[in-house]
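Engineer: What follows is a single structure, and I will ask about it in a moment.
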Amino acid sequence: MVIKMNKMFKAIKKLFRNIGKFIDKKIILPITKFFVSISNKFKGNGRNFEKILTRKSGLIIVSLIIALGVFFIADSRSTSLIETSAEVLYDQPISATYNEEAYVVEGLPETVDITLIGRKSDVYLAKQLPTNDITVDLTGLKPGVHKVNLKYKKALSSVEYKLDPSVATIVIYEKVSEEKEVNYEVINKDKIDSKLMVEDVTLSTDRVYVKGNEATLKEVASVKALIDLKNLVDPQVGEQTLKDVKLVAYDSNGKKVDAEIVPATISATVRIASPQKEVPIRVIPKNYDDIVFGKAISNITTDISKVTIYGEESKLEKISYIPVYVDVADLRENKKYSLTIQKPTGVRAISENTVNVTLELGDETSKEIDNVYLEYENLADGLAVQAVTADSTRITVSVKGVQSVLSNLDPTTIKAYVDLKDLGVGEHEIPIIVEGSDLRVKYAPKTTKIKLRITEEKG
């Protein structure tokens with residue numbers, strides 16, 4: 001009560017201080033300037049002016065002029081102060097009183113707007129004075145639908161207050177609770193170094209209670225602890241504990257459910273790791289068949305041969321090299337390229353972003369490599385494949401490149417195969433595909449297609 005009275009006195013003191021400033025600015029200062037200007041005009045006749053002011057009749061006239069001026073100014077000011085005005089206080093909070101442990105209340109607005117109506121001076125003072133929040137007392141109300149009046153304690157009886165809304169229709173439910181398992185979700189992963197990643201999270205508890213009305217609890221499909229990486233003090237490899245981790249309830253569609261969770265927050269230990277792997281760069285020529293006639297690639301060199309990649313270990317294990325594609329269509333002479341290294345799927349960061357590649361050309365020659373074994377790929381389960389003719393298990397491959405490259409070519413690095421994906425029982429004519437590990441060489445099967453018979457596998 002003493003604090004409120006002190007605040008009220010401070011507000012009144014502030015009001016009179018503002019009135020004093022107004023009088024000083026609007027009355028005293030203009031009158032002073034008026035007499036100074038008159039004095040300047042009568043500078044040459046200072047004695048005559050002084051005589052006028054020292055005479056009794058002169059003083060009466062001057063005093064009358066000043067009194068009239070003050071009267072008109074004060075009258076206009078007082079008129080403005082007693083004029084009726086209205087102001088709106090928006091989004092004023094509502095305070096509800098009820099047993100929060102036993103009941104859930106729905107339909108009660110969080111805020112209301114208050115319209116203050118009265119004299120300008122009273123409205124101004126009412127805005128300065130401390131006031132209580134809008135209150136609603138639900139004590140004693142049982143579960144069900146109720147209409148309740150919102151109440152507001154007036155700061156000044158001379159000011160009229162109107163609430164919008166002034167009445168609320170609410171529904172009171174009995175509060176029930178249910179134990180739920182807590183999982184976690186890591187958010188704001190981009191807020192830490194891309195070379196780092198969350199390897200594991202340990203929560204301080206894996207069970208919480210969700211409270212609310214029965215219908216709300218039925219909506220809750222999961223409860224997640226939101227591990228916000230923005231809150232890590234100094235993200236680096238190792239463990240760090242996050243306190244006050246927020247818990248959120250979700251329905252089966254991933255939408256948030258407004259339910260009370262006990263406890264509302266937990267702590268979590270976050271283990272940060274930086275899985276990495278060093279892999280070679282592999283330059284792959286595109287449109288090699290469109291290189292200028294009679295030429296072939298004799299040498300491919302790069303300024304870096306390996307890069308370090310960062311990401312989940314399970315994904316890094318599947319990556320044996322980083323491909324860099326260079327378009328050699330219409331290439332006629334030696335050429336240097338500056339190429340961007342694209343991150344493969346699952347890689348969060350890479351140690352180098354660009355690589356400089358130099359391609360050297362030479363005169364093209366060709367030769368044939370016999371007895372390359374033909375492989376079958378993507379055969380469906382429960383089926384068997386066999387060649388229609390005996391000579392269909394091996395083929396001859398034509399290779400083209402510069403002489404020095406072909407002379408050192410290892411035939412075992414050549415792979416010939418047919419893709420049996422989506423093929424069923426019966427005879428099929430299938431195109432032969434040839435690949436080789438040396439990308440400076442052009443590979444082509446002498447026999448482009450082969451007939452194969454697919455049958456059901458005998459038990």
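Note on naming: chains are A, B, ... as they come in the structure tokens, residues start from 1 per chain, ligands start from 1 in the order shown.
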Need the shell around A:Leu361: protein/DNA/RNA residues with any atom at most 10 Å away, counting only C-alpha atoms. Skip same-chain ones fewer than 4 positions apart. Format as a JSON list (two decimals) with C-alpha atoms, in the first residue's frame?

Structural biologist:
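Saved file result21.json follows:
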[["chain", "number", "residue", "atom", "x", "y", "z"],
["A", 291, "ILE", "CA", 36.43, -34.87, -78.05],
["A", 295, "LYS", "CA", 42.74, -37.12, -80.06],
["A", 296, "ALA", "CA", 42.58, -38.77, -76.63],
["A", 297, "ILE", "CA", 43.49, -37.80, -73.10],
["A", 298, "SER", "CA", 47.05, -38.75, -72.29],
["A", 299, "ASN", "CA", 47.28, -37.36, -68.77],
["A", 300, "ILE", "CA", 45.07, -35.91, -66.03],
["A", 331, "LEU", "CA", 38.48, -30.31, -76.62],
["A", 332, "ARG", "CA", 41.33, -29.72, -79.14],
["A", 333, "GLU", "CA", 44.40, -29.00, -77.05],
["A", 334, "ASN", "CA", 45.82, -29.16, -73.54],
["A", 335, "LYS", "CA", 43.66, -27.19, -71.13],
["A", 401, "GLY", "CA", 43.44, -43.90, -76.12],
["A", 402, "VAL", "CA", 47.00, -42.72, -76.52],
["A", 440, "ARG", "CA", 41.67, -41.70, -70.08]]

Engineer: Which residues, written as a list in words, have at least one atom at most 9 Å from A:Val123, with only C-alpha atoms counted and residues fewer than 6 positions away on the same chain left out?

Structural biologist: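 Returned residues: Thr84, Ser85, Ala86, Glu87, Leu116, Ile117, Leu156, Ser158 and Val159 of chain A.
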
Engineer: Measuring between only C-alpha atoms, which one of A:Glu185, A:Asp363, A:Tyr161, A:Val355 shows the shortest distance to A:Tyr325?

Structural biologist: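 Of A:Glu185, A:Asp363, A:Tyr161, A:Val355, the one nearest A:Tyr325 is A:Val355, counting only C-alpha atoms.
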
Engineer: What residues in stretch 133-229 of chain A get the DSSP label strand (DSSP E or B)? Please answer as a PyMOL selection string.

Structural biologist: chain A and resi 134-137+144-149+151+160-164+167-174+176-187+197-203+207-212+222-228

Engineer: May I have the selected residues written with C-alpha atoms, as a tab-separated table (two decimals), in the first residue's frame?

Structural biologist:
chain	number	residue	atom	x	y	z
A	134	ILE	CA	-7.94	-7.46	-14.96
A	135	THR	CA	-9.04	-10.30	-12.70
A	136	VAL	CA	-11.55	-13.11	-12.81
A	137	ASP	CA	-12.28	-15.28	-9.79
A	144	GLY	CA	-18.74	-27.29	-17.14
A	145	VAL	CA	-19.53	-24.19	-19.21
A	146	HIS	CA	-19.68	-20.82	-17.42
A	147	LYS	CA	-20.07	-17.16	-18.26
A	148	VAL	CA	-17.82	-14.98	-16.11
A	149	ASN	CA	-17.44	-11.23	-15.74
A	151	LYS	CA	-13.33	-7.13	-13.31
A	160	GLU	CA	-15.18	5.44	-16.66
A	161	TYR	CA	-13.62	2.13	-17.69
A	162	LYS	CA	-14.95	-0.21	-20.37
A	163	LEU	CA	-13.49	-3.67	-21.00
A	164	ASP	CA	-13.50	-5.39	-24.37
A	167	VAL	CA	-17.63	-11.21	-20.35
A	168	ALA	CA	-16.00	-14.53	-21.25
A	169	THR	CA	-17.55	-17.95	-21.86
A	170	ILE	CA	-15.23	-20.55	-20.40
A	171	VAL	CA	-15.15	-24.33	-20.09
A	172	ILE	CA	-13.73	-25.94	-16.96
A	173	TYR	CA	-12.40	-29.50	-17.16
A	174	GLU	CA	-11.02	-31.79	-14.53
A	176	VAL	CA	-5.93	-35.60	-15.69
A	177	SER	CA	-2.34	-36.73	-16.20
A	178	GLU	CA	-0.53	-39.42	-18.16
A	179	GLU	CA	3.08	-40.57	-18.16
A	180	LYS	CA	4.90	-40.20	-21.48
A	181	GLU	CA	8.29	-41.19	-22.83
A	182	VAL	CA	10.61	-38.33	-23.79
A	183	ASN	CA	12.60	-38.33	-27.02
A	184	TYR	CA	14.80	-35.53	-28.30
A	185	GLU	CA	15.13	-33.47	-31.46
A	186	VAL	CA	18.25	-31.46	-32.33
A	187	ILE	CA	17.46	-28.02	-33.78
A	197	MET	CA	27.87	-32.88	-35.34
A	198	VAL	CA	25.85	-34.17	-32.41
A	199	GLU	CA	26.92	-37.76	-31.86
A	200	ASP	CA	24.63	-38.50	-28.91
A	201	VAL	CA	22.31	-36.85	-26.39
A	202	THR	CA	21.65	-38.09	-22.85
A	203	LEU	CA	18.54	-36.70	-21.14
A	207	ARG	CA	9.70	-40.05	-18.54
A	208	VAL	CA	7.47	-37.03	-17.83
A	209	TYR	CA	3.83	-36.38	-17.00
A	210	VAL	CA	1.49	-34.65	-19.42
A	211	LYS	CA	-1.48	-32.90	-17.80
A	212	GLY	CA	-4.66	-31.47	-19.25
A	222	SER	CA	4.96	-37.78	-28.39
A	223	VAL	CA	6.95	-35.49	-26.13
A	224	LYS	CA	10.29	-34.13	-27.36
A	225	ALA	CA	13.13	-32.32	-25.69
A	226	LEU	CA	14.30	-29.60	-28.11
A	227	ILE	CA	18.10	-29.64	-28.08
A	228	ASP	CA	18.84	-26.13	-29.34

Engineer: Find the nearest atom pair between each residue of stretch 280-387 of chain A and stretch 407-418 of chain A for residues within 12 Å, count only C-alpha atoms, give distances in Å to one decimal, sort rows by chain and ascending number, and present the table as JSON lines.

Structural biologist:
{"residue": "A:Ser298", "atom": "CA", "partner": "A:Ser407", "partner_atom": "CA", "distance": 12.0}
{"residue": "A:Thr365", "atom": "CA", "partner": "A:Ser407", "partner_atom": "CA", "distance": 10.5}
{"residue": "A:Ser366", "atom": "CA", "partner": "A:Ser407", "partner_atom": "CA", "distance": 10.3}
{"residue": "A:Lys367", "atom": "CA", "partner": "A:Ser407", "partner_atom": "CA", "distance": 9.7}
{"residue": "A:Glu368", "atom": "CA", "partner": "A:Pro411", "partner_atom": "CA", "distance": 10.3}
{"residue": "A:Ile369", "atom": "CA", "partner": "A:Pro411", "partner_atom": "CA", "distance": 7.1}
{"residue": "A:Asp370", "atom": "CA", "partner": "A:Pro411", "partner_atom": "CA", "distance": 9.0}
{"residue": "A:Asn371", "atom": "CA", "partner": "A:Pro411", "partner_atom": "CA", "distance": 9.4}
{"residue": "A:Val372", "atom": "CA", "partner": "A:Ala416", "partner_atom": "CA", "distance": 6.9}
{"residue": "A:Tyr373", "atom": "CA", "partner": "A:Ala416", "partner_atom": "CA", "distance": 6.7}
{"residue": "A:Leu374", "atom": "CA", "partner": "A:Ala416", "partner_atom": "CA", "distance": 5.2}
{"residue": "A:Glu375", "atom": "CA", "partner": "A:Tyr417", "partner_atom": "CA", "distance": 4.4}
{"residue": "A:Tyr376", "atom": "CA", "partner": "A:Val418", "partner_atom": "CA", "distance": 5.3}
{"residue": "A:Glu377", "atom": "CA", "partner": "A:Val418", "partner_atom": "CA", "distance": 6.2}
{"residue": "A:Asn378", "atom": "CA", "partner": "A:Val418", "partner_atom": "CA", "distance": 8.8}
{"residue": "A:Leu379", "atom": "CA", "partner": "A:Val418", "partner_atom": "CA", "distance": 9.8}
{"residue": "A:Val385", "atom": "CA", "partner": "A:Val418", "partner_atom": "CA", "distance": 11.3}
{"residue": "A:Ala387", "atom": "CA", "partner": "A:Val418", "partner_atom": "CA", "distance": 11.7}

Engineer: From the list A:Asp422, A:Val257, A:Val292, A:Val233, which residue is nearest A:Val270 when using only C-alpha atoms?

Structural biologist: A:Val233

Engineer: Residues of stretch 299-340 of chain A within 7 Å of stretch 273-280 of chain A: nearest atom pair and distance (Å, one decimal) for each, counting only C-alpha atoms, sorted by chain and number, as CSV?

Structural biologist:
residue,atom,partner,partner_atom,distance
A:Ser305,CA,A:Pro280,CA,5.7
A:Lys306,CA,A:Pro280,CA,4.2
A:Val307,CA,A:Glu278,CA,5.6
A:Thr308,CA,A:Glu278,CA,4.3
A:Ile309,CA,A:Lys277,CA,5.4
A:Tyr310,CA,A:Gln276,CA,4.4
A:Gly311,CA,A:Pro275,CA,5.8
A:Glu312,CA,A:Pro275,CA,6.3
A:Glu313,CA,A:Pro275,CA,6.0
A:Leu316,CA,A:Lys277,CA,6.8
A:Ser320,CA,A:Val279,CA,6.1
A:Tyr321,CA,A:Pro280,CA,5.1
A:Ile322,CA,A:Pro280,CA,6.4

Engineer: Per DSSP on the backbone, filter stretch 231-333 of chain A down to the residues in alpha helix (DSSP H) and report them as a list in words.

Structural biologist: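 Everything in stretch 231-333 of chain A that counts as alpha helix (DSSP H) is Glu313, Ser314, Lys315 and Leu316 of chain A.
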
Engineer: With C-alpha atoms retained, export the selected residues as an mmCIF file, in the first residue's frame.

Structural biologist:
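Result written to again.cif:
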data_model
loop_
_atom_site.group_PDB
_atom_site.id
_atom_site.type_symbol
_atom_site.label_atom_id
_atom_site.label_comp_id
_atom_site.auth_asym_id
_atom_site.auth_seq_id
_atom_site.Cartn_x
_atom_site.Cartn_y
_atom_site.Cartn_z
ATOM 1 C CA GLU A 313 30.324 -42.176 -39.936
ATOM 2 C CA SER A 314 27.729 -44.496 -41.506
ATOM 3 C CA LYS A 315 27.563 -42.247 -44.573
ATOM 4 C CA LEU A 316 31.301 -41.604 -44.784
#

Engineer: Go ahead and compute the interatomic distance for atom CA of A:Ala329 and atom CA of A:Pro285, in Å to one decimal.

Structural biologist: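 If I compute the distance from atom CA of A:Ala329 to atom CA of A:Pro285, I get 9.1 Å.
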